[in-house]
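K.L.:
Following this message is one structure expressed as structure tokens.
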Amino acid sequence: MLLIGLFVTISTGCWDRREPELLVFVLSVGFDKEPSGDYKIVAQMFNPLALSQEGSGGGSPGGDKKPSWVVEASGQTPFEARKNLAPMVSRELFWSYTSTVLISEKLAREGIRPIMDLLERERQFRLIARPLVAEGDIKEILASEYPLEGCSGQALLRQLNTGDKMRSIAPVLEMRELINVAAQPGRDLLIAKVKAREVKEDAAGDKEEGVDKIVATQPPIYLGGGAAFCGDRMAGWISDREARGWHWVQGRVRRETLTLVIRPDGEPVSVEIFRVQSQIKPVVKDDQVTMKIKVEVKGRVQDQVSEADLASERKFLLSLEARLATLIKNDIKAALKRAQELDSDFLGFGNAVYRMEPKKWKLLESKWSQVLAQLELDLDVRADVTVAGLIKEPVKMK
């Protein structure tokens, strides 16, 4: 019996194994709507022949192969459209490496619930993928070429991560967060916006004899702003500044650089924000709701054109902190104004009432659209700016 048990153990295999050479990895996927009403799927797949070509110094059988390939198909449902991709590809599609999900503006305005349903049900899709709403042709975005990346799908993911760390002009969420937000009462979706832009080559210098002209190009894809939703339908676009206001309210700012003008010389100073804390407390009186928002930020001076001694002269630093607090207030007010224009509570104020005043929310839920239009803000923004490091004074010239 011991020998039989040992033989059974060492003779087991993978009954559902998938050989890597028979798979093709989907890096990014986009969804659109056909004029006929069918769903269209656009998939960007990684080309393994390009990798083997690079590793063998260009002598592989693949020849000059591009690192990715874009293919599209249609179907009556998103799942059928996905399945209709199979006859167009020589290998089995593998979706677990899909990092970004693009949704066209047309489909977003008609409703994204079927797309969210597919991504939540399908086993291979990972809910850590980043959703984006595309302005323009999805296929054009996925076919864009980046100087530093082999595939635009990888470039999109890295650009999202970098932008989330260094700037706060696009709401970077994972698909699981989006599904969670959709299930919360009194809160609408906000998805980052991506668009392709025409690349123009501009000469940065005159061409000399024997020297090639230096050419600078703009990145092919721009990430900034977002798409605000009402339910599962897109209500409209928001700007970079309004998206930054959303970040202040949610306390999601990781790194943000703000340029302020210091008095009395009127020269700019760059302040990098490195810590943000925010609190929201609703005050409900009948049908009038006031949101008391407290935001505390900490930042450091990173450079200054001004010659003012910020470390020694406290009045300069106090002026800088006051201007920083005013800028943040204006960002939040701009975000609320846009939310009221679009009738989209992407700031989540209704959800704050639902969580903190559940009894009053039951009375306001059916007419929250009218309440949002009259909603007022009570902002308390406190900024603490330091001049960190060994260099306290600006550079002095004799």
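Lettering and numbering for the structure tokens are positional, with chains as A, B, ... in the shown order, residues counted from 1 in each chain, and ligands counted from 1 in the shown order.
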Mind checking which residues fall within 6 Å of region 169-179 of chain A, counting only C-alpha atoms, ignoring those fewer than 5 positions away in the same chain, and posting them as a ChimeraX atom specification?
P.N.:
/A:127-130,192,224-225,240,243-244
K.L.:
Would you pick out the contacts of region 377-381 of chain A at 8 Å or less, using only C-alpha atoms, so that residues sharing its chain but fewer than 2 positions from it are not included, and give the list as a list of chain:residue names?
P.N.:
A:Thr290, A:Met291, A:Lys292, A:Ile293, A:Lys294, A:Val295, A:Glu296, A:Val297, A:Ala325, A:Thr326, A:Ile328, A:Lys329, A:Lys333, A:Leu375, A:Ala383
K.L.:
Hey, can you check how far CA of Glu357 (chain A) sits from CA of Asp232 (chain A)?
P.N.:
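Computing the Euclidean distance for CA of Glu357 (chain A) and CA of Asp232 (chain A) yields 25.2 Å.
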K.L.:
I need the residues of region 1-199 of chain A that end up classed as strand (DSSP E or B) by DSSP on the backbone, written out as a PyMOL selection string.
P.N.:
chain A and resi 23-33+39-46+68-75+92-94+100-104+130-135+190-196
